[in-house]
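So this block is work_31.txt, compact mmCIF, C-alpha atoms:
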```txt
# COMPACT_ATOMS: atom_id res chain seq x y z
CA MET A 27 7.61 19.77 3.06
CA LYS A 28 7.25 18.32 -0.44
CA LYS A 29 7.52 20.69 -3.40
CA PHE A 30 4.75 19.09 -5.48
CA ASP A 31 1.25 17.82 -4.70
CA ILE A 32 1.08 15.38 -7.64
CA ILE A 33 3.46 14.13 -10.32
CA ILE A 34 2.00 12.17 -13.24
CA TRP A 35 4.40 9.39 -14.22
CA GLY A 36 3.88 8.31 -17.82
CA ALA A 37 2.28 11.54 -19.03
CA THR A 38 3.01 10.62 -22.67
CA SER A 39 1.04 7.35 -22.50
CA PHE A 40 -2.50 7.32 -23.88
CA THR A 41 -4.10 7.51 -20.42
CA GLY A 42 -1.34 9.74 -19.04
CA LYS A 43 -2.10 12.40 -21.62
CA LEU A 44 -5.80 12.32 -20.66
CA VAL A 45 -4.98 12.64 -16.95
CA THR A 46 -2.64 15.55 -17.68
CA GLU A 47 -5.32 17.27 -19.75
CA TYR A 48 -7.97 16.69 -17.06
CA ILE A 49 -5.89 18.16 -14.23
CA PHE A 50 -4.79 21.14 -16.32
CA LYS A 51 -8.37 21.97 -17.33
CA LYS A 52 -9.44 21.78 -13.70
CA TYR A 53 -6.53 23.50 -11.97
CA GLY A 54 -4.32 25.09 -14.61
CA SER A 55 -0.65 25.49 -13.74
CA SER A 56 -0.94 27.60 -10.59
CA LYS A 57 -3.83 26.40 -8.38
CA ILE A 58 -1.97 23.25 -7.35
CA LYS A 59 1.68 22.23 -7.53
CA TRP A 60 2.06 19.46 -10.08
CA ALA A 61 4.40 18.14 -12.73
CA ILE A 62 4.66 15.50 -15.43
CA ALA A 63 7.31 12.83 -15.84
CA GLY A 64 8.40 10.26 -18.40
CA ARG A 65 11.30 8.90 -20.43
CA ASN A 66 11.32 11.17 -23.46
CA LEU A 67 11.80 14.94 -23.15
CA LYS A 68 10.51 15.75 -26.65
CA LYS A 69 7.32 13.73 -26.14
CA LEU A 70 6.74 15.35 -22.74
CA GLU A 71 7.22 18.80 -24.21
CA LYS A 72 4.77 17.91 -26.99
CA ILE A 73 2.14 16.74 -24.46
CA ARG A 74 2.69 19.87 -22.40
CA TYR A 75 2.23 22.02 -25.50
CA GLN A 76 -0.91 20.13 -26.60
CA VAL A 77 -2.88 19.90 -23.35
CA ALA A 78 -1.17 22.07 -20.70
CA ASP A 79 1.32 24.97 -20.74
CA GLU A 80 5.03 25.68 -20.31
CA ASN A 81 4.66 26.38 -16.59
CA ILE A 82 4.19 22.66 -15.85
CA PRO A 83 7.58 21.23 -14.78
CA ILE A 84 8.99 18.13 -16.48
CA PHE A 85 11.04 15.27 -15.00
CA ILE A 86 12.96 12.74 -17.11
CA ALA A 87 13.37 9.25 -15.68
CA ASP A 88 13.55 5.56 -16.56
CA SER A 89 11.48 2.81 -14.93
CA PHE A 90 14.61 0.72 -14.28
CA ASP A 91 16.80 3.57 -12.99
CA GLU A 92 16.16 4.20 -9.29
CA GLU A 93 18.31 7.31 -9.21
CA SER A 94 16.31 9.07 -11.93
CA LEU A 95 12.99 7.95 -10.42
CA SER A 96 13.91 9.09 -6.93
CA LYS A 97 14.59 12.63 -8.17
CA PHE A 98 10.88 13.21 -8.62
CA VAL A 99 9.40 10.67 -6.18
CA LYS A 100 10.99 12.35 -3.15
CA LYS A 101 9.64 15.77 -4.21
CA THR A 102 5.92 14.96 -4.35
CA LYS A 103 3.06 13.99 -2.03
CA VAL A 104 1.54 11.66 -4.65
CA VAL A 105 2.82 9.73 -7.65
CA CYS A 106 0.06 8.99 -10.18
CA SER A 107 1.32 6.24 -12.50
CA THR A 108 -0.01 5.26 -15.92
CA VAL A 109 3.05 3.23 -16.96
CA GLY A 110 2.23 -0.41 -17.62
CA PRO A 111 2.55 -3.30 -17.80
CA TYR A 112 3.06 -2.58 -14.12
CA SER A 113 4.68 -5.91 -13.35
CA LEU A 114 7.42 -4.93 -15.81
CA TYR A 115 7.78 -1.23 -15.04
CA GLY A 116 6.19 -0.50 -11.66
CA THR A 117 7.95 -2.27 -8.81
CA LYS A 118 10.96 0.04 -8.42
CA LEU A 119 8.65 3.05 -8.44
CA VAL A 120 6.46 1.66 -5.66
CA LYS A 121 9.56 0.76 -3.62
CA LEU A 122 10.82 4.34 -3.94
CA CYS A 123 7.41 5.70 -2.92
CA VAL A 124 7.57 3.64 0.26
CA ASP A 125 11.20 4.67 0.84
CA ASN A 126 10.36 8.37 0.41
CA ASN A 127 7.01 8.55 2.27
CA THR A 128 5.10 9.26 -0.96
CA ASN A 129 1.52 8.14 -1.62
CA TYR A 130 0.87 6.29 -4.87
CA CYS A 131 -2.03 5.39 -7.19
CA ASP A 132 -2.31 3.59 -10.54
CA ILE A 133 -4.71 1.77 -12.88
CA THR A 134 -3.23 -1.72 -12.88
CA GLY A 135 -5.43 -4.75 -13.28
CA GLU A 136 -2.53 -7.17 -12.75
CA ALA A 137 -3.57 -9.18 -9.69
CA HIS A 138 -0.30 -11.12 -9.48
CA TRP A 139 1.69 -7.88 -9.34
CA ILE A 140 -0.56 -6.41 -6.64
CA ARG A 141 -0.02 -9.64 -4.66
CA SER A 142 3.74 -9.13 -4.89
CA LEU A 143 3.38 -5.53 -3.65
CA ILE A 144 1.27 -6.69 -0.72
CA ASP A 145 3.86 -9.29 0.24
CA ARG A 146 6.83 -6.91 -0.12
CA PHE A 147 5.57 -3.50 0.93
CA HIS A 148 2.27 -3.60 2.82
CA GLU A 149 3.62 -3.77 6.35
CA GLU A 150 6.35 -1.18 5.77
CA ALA A 151 3.95 1.24 4.05
CA LYS A 152 1.45 0.73 6.85
CA SER A 153 4.05 1.48 9.54
CA LYS A 154 5.10 4.65 7.67
CA LYS A 155 1.47 5.75 7.12
CA ILE A 156 1.74 5.62 3.32
CA LYS A 157 -1.14 4.74 1.00
CA ILE A 158 -0.30 2.55 -2.01
CA ILE A 159 -3.58 2.27 -3.92
CA ASN A 160 -3.82 0.18 -7.08
CA SER A 161 -6.67 -0.27 -9.56
CA CYS A 162 -8.00 3.30 -9.59
CA GLY A 163 -9.59 3.07 -13.05
CA PHE A 164 -12.51 1.15 -14.55
CA ASP A 165 -10.86 -1.77 -12.89
CA SER A 166 -11.76 -1.51 -10.09
CA ILE A 167 -13.32 1.75 -8.84
CA PRO A 168 -16.92 1.27 -10.09
CA SER A 169 -16.99 -2.20 -8.49
CA ASP A 170 -15.14 -1.38 -5.27
CA MET A 171 -16.78 2.00 -4.69
CA GLY A 172 -20.12 0.63 -5.89
CA VAL A 173 -20.07 -2.04 -3.18
CA TYR A 174 -18.83 0.53 -0.65
CA PHE A 175 -21.75 2.85 -1.52
CA ILE A 176 -24.30 0.01 -1.45
CA GLN A 177 -23.16 -1.43 1.86
CA ASN A 178 -23.11 1.93 3.63
CA GLU A 179 -26.58 2.84 2.37
CA ILE A 180 -27.95 -0.62 3.24
CA LYS A 181 -26.49 -0.32 6.74
CA LYS A 182 -28.25 3.01 7.31
CA ILE A 183 -31.61 1.60 6.25
CA ASN A 184 -31.41 -2.02 7.38
CA ASN A 185 -28.94 -1.82 10.30
CA ASN A 186 -27.00 -4.68 8.70
CA TYR A 187 -24.80 -5.08 5.64
CA ALA A 188 -25.91 -7.02 2.57
CA LYS A 189 -24.83 -10.65 2.56
CA SER A 190 -24.60 -11.04 -1.22
CA ILE A 191 -24.07 -8.70 -4.18
CA LYS A 192 -24.04 -9.77 -7.82
CA MET A 193 -22.83 -7.18 -10.32
CA ARG A 194 -23.98 -7.45 -13.91
CA VAL A 195 -22.69 -5.28 -16.75
CA ALA A 196 -25.94 -4.27 -18.47
CA GLY A 197 -24.40 -1.98 -21.07
CA ILE A 198 -20.95 -0.81 -22.09
CA ARG A 199 -19.42 1.08 -25.00
CA GLY A 200 -15.77 1.97 -25.41
CA GLY A 201 -12.45 0.99 -26.91
CA ILE A 202 -9.22 -0.68 -25.90
CA SER A 203 -5.78 0.96 -26.01
CA GLY A 204 -2.52 -0.62 -26.99
CA GLY A 205 -1.24 -0.17 -23.44
CA THR A 206 -4.11 -2.17 -21.95
CA TYR A 207 -3.73 -4.94 -24.51
CA SER A 208 0.01 -5.02 -23.83
CA SER A 209 -0.67 -5.46 -20.11
CA ILE A 210 -3.06 -8.36 -20.79
CA ASN A 211 -0.47 -10.02 -23.02
CA ASN A 212 2.31 -9.53 -20.49
CA LEU A 213 0.19 -11.06 -17.73
CA LEU A 214 -0.45 -14.12 -19.89
CA LYS A 215 3.24 -14.44 -20.81
CA GLU A 216 4.30 -14.26 -17.17
CA ALA A 217 1.63 -16.76 -16.11
CA TYR A 218 2.65 -19.30 -18.77
CA ARG A 219 6.29 -18.91 -17.67
CA ASP A 220 5.50 -19.05 -13.95
CA LYS A 221 2.53 -21.30 -13.20
CA SER A 222 2.37 -20.02 -9.59
CA ILE A 223 0.82 -16.82 -11.01
CA PHE A 224 -2.24 -18.85 -12.00
CA LYS A 225 -2.70 -19.71 -8.31
CA VAL A 226 -3.17 -16.01 -7.53
CA LEU A 227 -5.36 -15.41 -10.57
CA ASN A 228 -7.58 -18.43 -9.86
CA ASN A 229 -7.94 -17.86 -6.11
CA PRO A 230 -11.05 -15.74 -5.39
CA TYR A 231 -9.28 -14.44 -2.26
CA GLY A 232 -5.85 -14.10 -3.90
CA LEU A 233 -5.37 -10.49 -2.72
CA ASN A 234 -6.56 -10.97 0.85
CA PRO A 235 -4.11 -10.88 3.76
CA LYS A 236 -2.58 -14.35 3.96
CA ASP A 237 -4.31 -15.10 7.26
CA LYS A 238 -7.69 -14.03 5.83
CA MET A 239 -7.93 -16.01 2.58
CA GLU A 240 -11.32 -17.43 3.38
CA GLY A 241 -14.92 -17.12 2.28
CA LEU A 242 -17.77 -18.66 0.32
CA ASP A 243 -16.99 -17.28 -3.14
CA LYS A 244 -15.83 -19.63 -5.88
CA LYS A 245 -13.88 -18.91 -9.07
CA ASP A 246 -15.18 -16.24 -11.44
CA LEU A 247 -17.69 -17.30 -14.08
CA ARG A 248 -16.04 -19.19 -16.95
CA LYS A 249 -19.07 -20.12 -19.09
CA ILE A 250 -22.43 -18.98 -20.42
CA ILE A 251 -25.33 -19.55 -18.02
CA PHE A 252 -28.88 -18.30 -17.48
CA ASP A 253 -29.04 -15.87 -14.57
CA LYS A 254 -32.25 -15.70 -12.51
CA GLU A 255 -31.38 -12.32 -10.96
CA SER A 256 -31.21 -10.47 -14.28
CA ASN A 257 -33.50 -12.96 -16.07
CA SER A 258 -30.91 -13.07 -18.85
CA TRP A 259 -28.09 -15.10 -20.29
CA ILE A 260 -24.78 -14.02 -18.81
CA TYR A 261 -21.15 -14.65 -19.75
CA PRO A 262 -17.69 -13.93 -18.27
CA PHE A 263 -16.65 -10.32 -17.67
CA ILE A 264 -12.97 -9.82 -18.48
CA MET A 265 -12.46 -7.42 -15.54
CA ALA A 266 -14.11 -9.70 -12.97
CA GLY A 267 -10.82 -11.39 -12.12
CA ILE A 268 -9.36 -8.22 -10.63
CA ASN A 269 -12.56 -6.43 -9.55
CA THR A 270 -13.85 -9.24 -7.36
CA LYS A 271 -10.47 -9.64 -5.64
CA ILE A 272 -10.27 -5.90 -4.91
CA VAL A 273 -13.79 -5.94 -3.39
CA ARG A 274 -12.88 -8.94 -1.22
CA ARG A 275 -9.61 -7.32 -0.12
CA SER A 276 -11.56 -4.23 0.92
CA ASN A 277 -13.77 -6.42 3.09
CA ALA A 278 -10.79 -8.25 4.59
CA LEU A 279 -8.89 -5.02 5.34
CA SER A 280 -11.90 -3.81 7.33
CA ASN A 281 -11.72 -7.00 9.41
CA PHE A 282 -14.63 -8.42 7.42
CA ILE A 283 -17.05 -5.60 8.18
CA TYR A 284 -19.46 -7.08 5.58
CA GLY A 285 -19.03 -10.52 7.18
CA LYS A 286 -16.79 -13.49 6.42
CA ASP A 287 -19.74 -15.02 4.56
CA PHE A 288 -20.22 -11.99 2.28
CA ARG A 289 -20.39 -13.04 -1.37
CA TYR A 290 -19.61 -11.02 -4.49
CA GLU A 291 -19.48 -11.87 -8.19
CA GLU A 292 -19.53 -10.20 -11.63
CA ALA A 293 -20.70 -11.09 -15.14
CA MET A 294 -21.88 -9.57 -18.44
CA ILE A 295 -25.57 -9.53 -19.44
CA ALA A 296 -26.21 -10.79 -22.97
CA GLY A 297 -30.01 -10.71 -23.06
CA LYS A 298 -33.01 -13.03 -23.03
CA GLY A 299 -34.09 -15.93 -25.21
CA ILE A 300 -32.29 -17.35 -28.21
CA SER A 301 -30.97 -13.95 -29.29
CA GLY A 302 -29.39 -13.40 -25.86
CA PHE A 303 -27.80 -16.84 -25.94
CA TRP A 304 -26.25 -16.24 -29.37
CA LYS A 305 -25.09 -12.78 -28.35
CA ALA A 306 -23.26 -14.42 -25.43
CA ILE A 307 -21.60 -16.95 -27.75
CA LEU A 308 -20.46 -14.19 -30.12
CA ALA A 309 -19.11 -12.15 -27.19
CA VAL A 310 -17.19 -15.03 -25.64
CA PHE A 311 -15.33 -15.86 -28.86
CA PRO A 312 -13.05 -12.74 -28.90
CA LEU A 313 -12.42 -13.17 -25.17
CA ALA A 314 -11.18 -16.69 -25.91
CA MET A 315 -8.92 -15.34 -28.66
CA ILE A 316 -7.37 -12.74 -26.34
CA GLY A 317 -6.75 -15.42 -23.70
CA LEU A 318 -4.86 -17.81 -25.98
CA ASN A 319 -1.38 -18.99 -25.09
CA PRO A 320 0.78 -15.95 -26.02
CA ASN A 321 3.33 -18.23 -27.71
CA SER A 322 0.80 -19.76 -30.09
CA PHE A 323 0.67 -18.93 -33.80
CA LEU A 324 -3.05 -18.05 -33.63
CA LYS A 325 -2.42 -15.58 -30.78
CA LYS A 326 0.24 -13.82 -32.83
CA ILE A 327 -2.33 -13.38 -35.63
CA VAL A 328 -4.82 -11.92 -33.12
CA ASP A 329 -2.12 -9.57 -31.79
CA SER A 330 -1.46 -8.17 -35.26
CA PHE A 331 -5.01 -6.76 -35.39
CA MET A 332 -4.90 -5.13 -31.94
CA PRO A 333 -3.80 -1.54 -31.13
CA LYS A 334 -0.15 -0.91 -30.29
CA PRO A 335 1.11 0.89 -27.15
CA GLY A 336 0.28 4.60 -27.38
CA GLU A 337 -2.77 3.97 -29.59
CA GLY A 338 -6.34 4.14 -28.33
CA PRO A 339 -9.92 5.26 -29.02
CA GLY A 340 -10.44 8.75 -30.45
CA ILE A 341 -12.17 11.64 -28.71
CA GLU A 342 -15.63 10.94 -30.20
CA LYS A 343 -15.51 7.29 -29.21
CA ARG A 344 -14.48 8.27 -25.67
CA LYS A 345 -17.25 10.88 -25.39
CA ASN A 346 -19.89 8.52 -26.77
CA GLY A 347 -18.82 5.71 -24.48
CA PHE A 348 -20.64 4.72 -21.28
CA TYR A 349 -21.21 1.88 -18.85
CA ASN A 350 -24.22 0.71 -16.88
CA LEU A 351 -23.53 -1.63 -13.98
CA ARG A 352 -26.42 -3.30 -12.15
CA PHE A 353 -26.07 -4.74 -8.66
CA TYR A 354 -28.51 -7.41 -7.45
CA ILE A 355 -28.43 -7.43 -3.66
CA THR A 356 -29.60 -9.90 -1.02
CA LEU A 357 -29.98 -8.56 2.52
CA ASN A 358 -29.51 -10.53 5.72
CA ASN A 359 -33.29 -10.93 6.12
CA ASN A 360 -33.57 -12.19 2.54
CA ARG A 361 -35.12 -8.96 1.31
CA THR A 362 -33.66 -7.83 -1.98
CA ALA A 363 -32.36 -4.53 -3.32
CA PHE A 364 -31.13 -3.14 -6.60
CA ALA A 365 -28.40 -0.62 -7.34
CA LYS A 366 -26.85 1.02 -10.38
CA VAL A 367 -23.50 2.62 -11.10
CA ILE A 368 -23.45 4.55 -14.36
CA GLY A 369 -20.44 6.16 -16.03
CA ASP A 370 -20.89 8.90 -18.60
CA SER A 371 -17.93 8.18 -20.89
CA ASP A 372 -15.75 5.45 -22.37
CA PRO A 373 -14.87 3.17 -19.42
CA GLY A 374 -11.28 2.36 -20.31
CA TYR A 375 -9.99 5.87 -21.00
CA GLY A 376 -12.47 8.76 -20.75
CA SER A 377 -13.81 7.54 -17.41
CA THR A 378 -10.62 5.86 -16.19
CA SER A 379 -8.55 9.03 -16.65
CA LYS A 380 -11.04 11.03 -14.56
CA MET A 381 -11.20 8.38 -11.84
CA LEU A 382 -7.41 8.13 -11.64
CA ALA A 383 -6.98 11.93 -11.56
CA GLU A 384 -9.58 12.28 -8.80
CA SER A 385 -7.88 9.49 -6.84
CA ALA A 386 -4.56 11.35 -7.03
CA LEU A 387 -6.23 14.62 -6.00
CA CYS A 388 -8.00 12.82 -3.16
CA LEU A 389 -4.70 11.43 -1.86
CA ALA A 390 -3.03 14.82 -2.15
CA PHE A 391 -5.66 17.07 -0.58
CA ASP A 392 -8.38 15.22 1.35
CA ASN A 393 -8.52 14.30 5.02
CA LEU A 394 -8.61 10.51 4.75
CA SER A 395 -8.96 7.52 7.06
CA ASP A 396 -6.06 6.02 8.99
CA ASN A 397 -5.89 2.98 6.70
CA TYR A 398 -2.41 2.61 5.23
CA GLY A 399 -0.35 0.09 3.31
CA VAL A 400 -1.05 -1.57 -0.04
CA ILE A 401 -4.79 -1.00 0.08
CA THR A 402 -7.86 -0.47 -2.10
CA PRO A 403 -9.73 2.62 -3.33
CA SER A 404 -12.62 2.21 -0.89
CA SER A 405 -10.51 1.27 2.13
CA GLY A 406 -8.02 4.05 1.46
CA MET A 407 -10.22 6.94 0.31
CA GLY A 408 -13.82 6.06 1.23
CA ASP A 409 -16.43 8.83 1.29
CA LYS A 410 -14.01 11.49 0.08
CA LEU A 411 -13.40 9.62 -3.17
CA LEU A 412 -17.09 8.73 -3.51
CA ASN A 413 -17.99 12.42 -3.41
CA ARG A 414 -15.31 13.29 -5.97
CA LEU A 415 -16.55 10.58 -8.33
CA LYS A 416 -20.11 11.90 -8.14
CA GLU A 417 -19.19 15.57 -8.43
CA ASN A 418 -16.34 15.45 -10.95
CA ALA A 419 -15.82 12.09 -12.65
CA GLY A 420 -19.23 11.52 -14.23
CA LEU A 421 -20.29 8.57 -12.07
CA SER A 422 -23.75 8.19 -10.54
CA PHE A 423 -24.73 5.79 -7.73
CA GLU A 424 -28.33 4.74 -7.03
CA LEU A 425 -29.94 2.23 -4.63
CA LYS A 426 -33.51 0.92 -4.30
CA ILE A 427 -34.68 -1.57 -1.65
CA LYS A 428 -37.61 -3.68 -2.79
```
Can you present the structure in this file as structure tokens?
Amino acid sequence: MKKFDIIIWGATSFTGKLVTEYIFKKYGSSKIKWAIAGRNLKKLEKIRYQVADENIPIFIADSFDEESLSKFVKKTKVVCSTVGPYSLYGTKLVKLCVDNNTNYCDITGEAHWIRSLIDRFHEEAKSKKIKIINSCGFDSIPSDMGVYFIQNEIKKINNNYAKSIKMRVAGIRGGISGGTYSSINNLLKEAYRDKSIFKVLNNPYGLNPKDKMEGLDKKDLRKIIFDKESNSWIYPFIMAGINTKIVRRSNALSNFIYGKDFRYEEAMIAGKGISGFWKAILAVFPLAMIGLNPNSFLKKIVDSFMPKPGEGPGIEKRKNGFYNLRFYITLNNNRTAFAKVIGDSDPGYGSTSKMLAESALCLAFDNLSDNYGVITPSSGMGDKLLNRLKENAGLSFELKIK
């Protein structure tokens, strides 16, 4: 019997603090058994004082020290990690979770790292009935759970799953934290050092089981085009690279329940006419700057203007944030449908912290499916997580068949 239900690893990070605050406001220090963990005792005590109380236990550990990590990993049902870049700091922790029969969730968007976890730990975690679930934040819960919701509702009405879904970001407001920007930079640095990483990033089915890397989808959108579904100019969505792969892995893990020919893609809506086209151009420019070779002089200038680890949007910006995702759906009989997923706060932090916390709570307390291994939010938590997102995390899901 494990002593704790959940331990938050990285509670002093920007997102970790928000997750800690969320769980304390919901459960206090006595309704569930939970603790916080990190490297620095003084910072942990400060976080505990600011958003929780002295009854919340603290664990001190280092990402590279297995002995210190194992002291808390073996004592909890679920490790909820906010410590990135995950490819730098996360592998030992996941290994120890598998070794100690502990479920795990995080908010990584690092596809190459998830691929390495699949290759190293999926089969062992599956045999031990452990759930290792990545990408439990804005990347990729609204996409993965959005498709899960749509397909299940379509099946009830149409007796078949949709054959194509195109997600378009119609509106979004929020900020970026230093931790997220650091993860993006680290991914680029690793990819420029090891070109094989680009193979994973550029393969639409890069996270599928190796015997199921097949389908009709091509690479994510890389340019500005006019989109007939939304009747607008669209441009690349920075999260599409991970979101689309998570959705396709969910399909593959279900033995292609949506079909091997199921297609999924994502993009940002800029608007109509000349104004929409120019809006797309202006939006693509900063994306290009972020994606520069990390060793270039220009990239170093860009980096100097970005937030540093531990920094992030303030409370008003998080509260005033939102996102509106539209899904354009084609059914097997060529009828069409339309769906929306709407989040009520800043996607990267206000909403992400709630989604991650509810994922950890779901893993700790809900009666879930028998899907185990290195899996996805929808394949690992399904309806239970969907209900939590609707009831607690400020997400709404809506479907209309035309």
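Considering the residues A:Phe423, A:Phe391, A:Phe147, A:Phe98 and counting all atoms listed in the file, A:Ile159 has its shortest atom-to-atom contact with A:Phe147.
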(request) Rank A:Cys131, A:Leu394, A:Ala78, A:Leu387 by their smallest atom-to-atom distance to A:Asp31, using all atoms listed in the file, and report the top residue only. (result)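 Among the listed residues, the smallest separation from A:Asp31 belongs to A:Leu387.
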With a distance cut-off of 6 Å and all atoms listed in the file, select the neighbouring residues of stretch 237-252 of chain A, excluding the residue or stretch itself and same-chain residues fewer than 4 positions from it, and output the selection as a PDB file with C-alpha atoms, keeping the file's coordinate frame.
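Okay, this is what ended up in around-v2.pdb:
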```
ATOM      1  CA  PRO A 230     -11.050 -15.740  -5.390  1.00  0.00           C
ATOM      2  CA  TYR A 231      -9.280 -14.440  -2.260  1.00  0.00           C
ATOM      3  CA  SER A 258     -30.910 -13.070 -18.850  1.00  0.00           C
ATOM      4  CA  TRP A 259     -28.090 -15.100 -20.290  1.00  0.00           C
ATOM      5  CA  ILE A 260     -24.780 -14.020 -18.810  1.00  0.00           C
ATOM      6  CA  TYR A 261     -21.150 -14.650 -19.750  1.00  0.00           C
ATOM      7  CA  PRO A 262     -17.690 -13.930 -18.270  1.00  0.00           C
ATOM      8  CA  LYS A 286     -16.790 -13.490   6.420  1.00  0.00           C
ATOM      9  CA  ASP A 287     -19.740 -15.020   4.560  1.00  0.00           C
ATOM     10  CA  ARG A 289     -20.390 -13.040  -1.370  1.00  0.00           C
TER      11      ARG A 289
END
```
Exercise: A:Ser405 partners within 12 Å, all atoms listed in the file, chain neighbours under 2 positions left out, as a PDB file with C-alpha atoms, keeping the file's coordinate frame:
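Done, and the output landed in selection.pdb:
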```pdb
ATOM      1  CA  LYS A 157      -1.140   4.740   1.000  1.00  0.00           C
ATOM      2  CA  ILE A 158      -0.300   2.550  -2.010  1.00  0.00           C
ATOM      3  CA  ILE A 159      -3.580   2.270  -3.920  1.00  0.00           C
ATOM      4  CA  ASN A 160      -3.820   0.180  -7.080  1.00  0.00           C
ATOM      5  CA  ILE A 167     -13.320   1.750  -8.840  1.00  0.00           C
ATOM      6  CA  ASP A 170     -15.140  -1.380  -5.270  1.00  0.00           C
ATOM      7  CA  MET A 171     -16.780   2.000  -4.690  1.00  0.00           C
ATOM      8  CA  VAL A 173     -20.070  -2.040  -3.180  1.00  0.00           C
ATOM      9  CA  TYR A 174     -18.830   0.530  -0.650  1.00  0.00           C
ATOM     10  CA  PHE A 175     -21.750   2.850  -1.520  1.00  0.00           C
ATOM     11  CA  ILE A 272     -10.270  -5.900  -4.910  1.00  0.00           C
ATOM     12  CA  VAL A 273     -13.790  -5.940  -3.390  1.00  0.00           C
ATOM     13  CA  ARG A 274     -12.880  -8.940  -1.220  1.00  0.00           C
ATOM     14  CA  ARG A 275      -9.610  -7.320  -0.120  1.00  0.00           C
ATOM     15  CA  SER A 276     -11.560  -4.230   0.920  1.00  0.00           C
ATOM     16  CA  ASN A 277     -13.770  -6.420   3.090  1.00  0.00           C
ATOM     17  CA  ALA A 278     -10.790  -8.250   4.590  1.00  0.00           C
ATOM     18  CA  LEU A 279      -8.890  -5.020   5.340  1.00  0.00           C
ATOM     19  CA  SER A 280     -11.900  -3.810   7.330  1.00  0.00           C
ATOM     20  CA  ASN A 281     -11.720  -7.000   9.410  1.00  0.00           C
ATOM     21  CA  PHE A 282     -14.630  -8.420   7.420  1.00  0.00           C
ATOM     22  CA  ILE A 283     -17.050  -5.600   8.180  1.00  0.00           C
ATOM     23  CA  LEU A 394      -8.610  10.510   4.750  1.00  0.00           C
ATOM     24  CA  SER A 395      -8.960   7.520   7.060  1.00  0.00           C
ATOM     25  CA  ASP A 396      -6.060   6.020   8.990  1.00  0.00           C
ATOM     26  CA  ASN A 397      -5.890   2.980   6.700  1.00  0.00           C
ATOM     27  CA  TYR A 398      -2.410   2.610   5.230  1.00  0.00           C
ATOM     28  CA  GLY A 399      -0.350   0.090   3.310  1.00  0.00           C
ATOM     29  CA  VAL A 400      -1.050  -1.570  -0.040  1.00  0.00           C
ATOM     30  CA  ILE A 401      -4.790  -1.000   0.080  1.00  0.00           C
ATOM     31  CA  THR A 402      -7.860  -0.470  -2.100  1.00  0.00           C
ATOM     32  CA  PRO A 403      -9.730   2.620  -3.330  1.00  0.00           C
ATOM     33  CA  MET A 407     -10.220   6.940   0.310  1.00  0.00           C
ATOM     34  CA  GLY A 408     -13.820   6.060   1.230  1.00  0.00           C
ATOM     35  CA  ASP A 409     -16.430   8.830   1.290  1.00  0.00           C
ATOM     36  CA  LYS A 410     -14.010  11.490   0.080  1.00  0.00           C
ATOM     37  CA  LEU A 411     -13.400   9.620  -3.170  1.00  0.00           C
ATOM     38  CA  LEU A 412     -17.090   8.730  -3.510  1.00  0.00           C
TER      39      LEU A 412
END
```
(request) Just give me the residues with any atom within 12 Å of (6.5, 2.1, 10.0), file coordinates, counting all atoms listed in the file, written as a PyMOL selection string. (result) chain A and resi 124-125+127+147-156+398-399
(message) Measuring between all atoms listed in the file, which one of A:Ala296, A:Leu389, A:Ala306, A:Leu70 shows the shortest distance to A:Phe85?
(response)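 Among the listed residues, A:Leu70 lies closest to A:Phe85.
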Which neighbours of A:Leu227 fall inside 10 Å, counting only C-alpha atoms, when residues of the same chain fewer than 6 positions from it are skipped, and could you give them as a short mmCIF file (atom, residue, chain, number, x, y, z; two decimals) with C-alpha atoms, in the coordinates of the input?
```
data_model
loop_
_atom_site.label_atom_id
_atom_site.label_comp_id
_atom_site.auth_asym_id
_atom_site.auth_seq_id
_atom_site.Cartn_x
_atom_site.Cartn_y
_atom_site.Cartn_z
CA GLU A 136 -2.53 -7.17 -12.75
CA ALA A 137 -3.57 -9.18 -9.69
CA HIS A 138 -0.30 -11.12 -9.48
CA ARG A 141 -0.02 -9.64 -4.66
CA ALA A 217 1.63 -16.76 -16.11
CA LEU A 233 -5.37 -10.49 -2.72
CA LYS A 245 -13.88 -18.91 -9.07
CA ASP A 246 -15.18 -16.24 -11.44
CA GLY A 267 -10.82 -11.39 -12.12
CA ILE A 268 -9.36 -8.22 -10.63
CA LYS A 271 -10.47 -9.64 -5.64
#
```
For the point (-31.0, -4.4, -1.4) in the file's frame, write as a short mmCIF file (atom, residue, chain, number, x, y, z; two decimals) with C-alpha atoms, in the coordinates of the input all residues with an atom no more than 10 Å away, counting only C-alpha atoms.
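Listing of part_9.cif after writing:
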```cif
data_model
loop_
_atom_site.label_atom_id
_atom_site.label_comp_id
_atom_site.auth_asym_id
_atom_site.auth_seq_id
_atom_site.Cartn_x
_atom_site.Cartn_y
_atom_site.Cartn_z
CA ILE A 176 -24.30 0.01 -1.45
CA GLN A 177 -23.16 -1.43 1.86
CA GLU A 179 -26.58 2.84 2.37
CA ILE A 180 -27.95 -0.62 3.24
CA ILE A 183 -31.61 1.60 6.25
CA ASN A 184 -31.41 -2.02 7.38
CA TYR A 187 -24.80 -5.08 5.64
CA ALA A 188 -25.91 -7.02 2.57
CA LYS A 189 -24.83 -10.65 2.56
CA SER A 190 -24.60 -11.04 -1.22
CA ILE A 191 -24.07 -8.70 -4.18
CA PHE A 353 -26.07 -4.74 -8.66
CA TYR A 354 -28.51 -7.41 -7.45
CA ILE A 355 -28.43 -7.43 -3.66
CA THR A 356 -29.60 -9.90 -1.02
CA LEU A 357 -29.98 -8.56 2.52
CA ASN A 358 -29.51 -10.53 5.72
CA ASN A 360 -33.57 -12.19 2.54
CA ARG A 361 -35.12 -8.96 1.31
CA THR A 362 -33.66 -7.83 -1.98
CA ALA A 363 -32.36 -4.53 -3.32
CA PHE A 364 -31.13 -3.14 -6.60
CA ALA A 365 -28.40 -0.62 -7.34
CA LEU A 425 -29.94 2.23 -4.63
CA LYS A 426 -33.51 0.92 -4.30
CA ILE A 427 -34.68 -1.57 -1.65
CA LYS A 428 -37.61 -3.68 -2.79
#
```
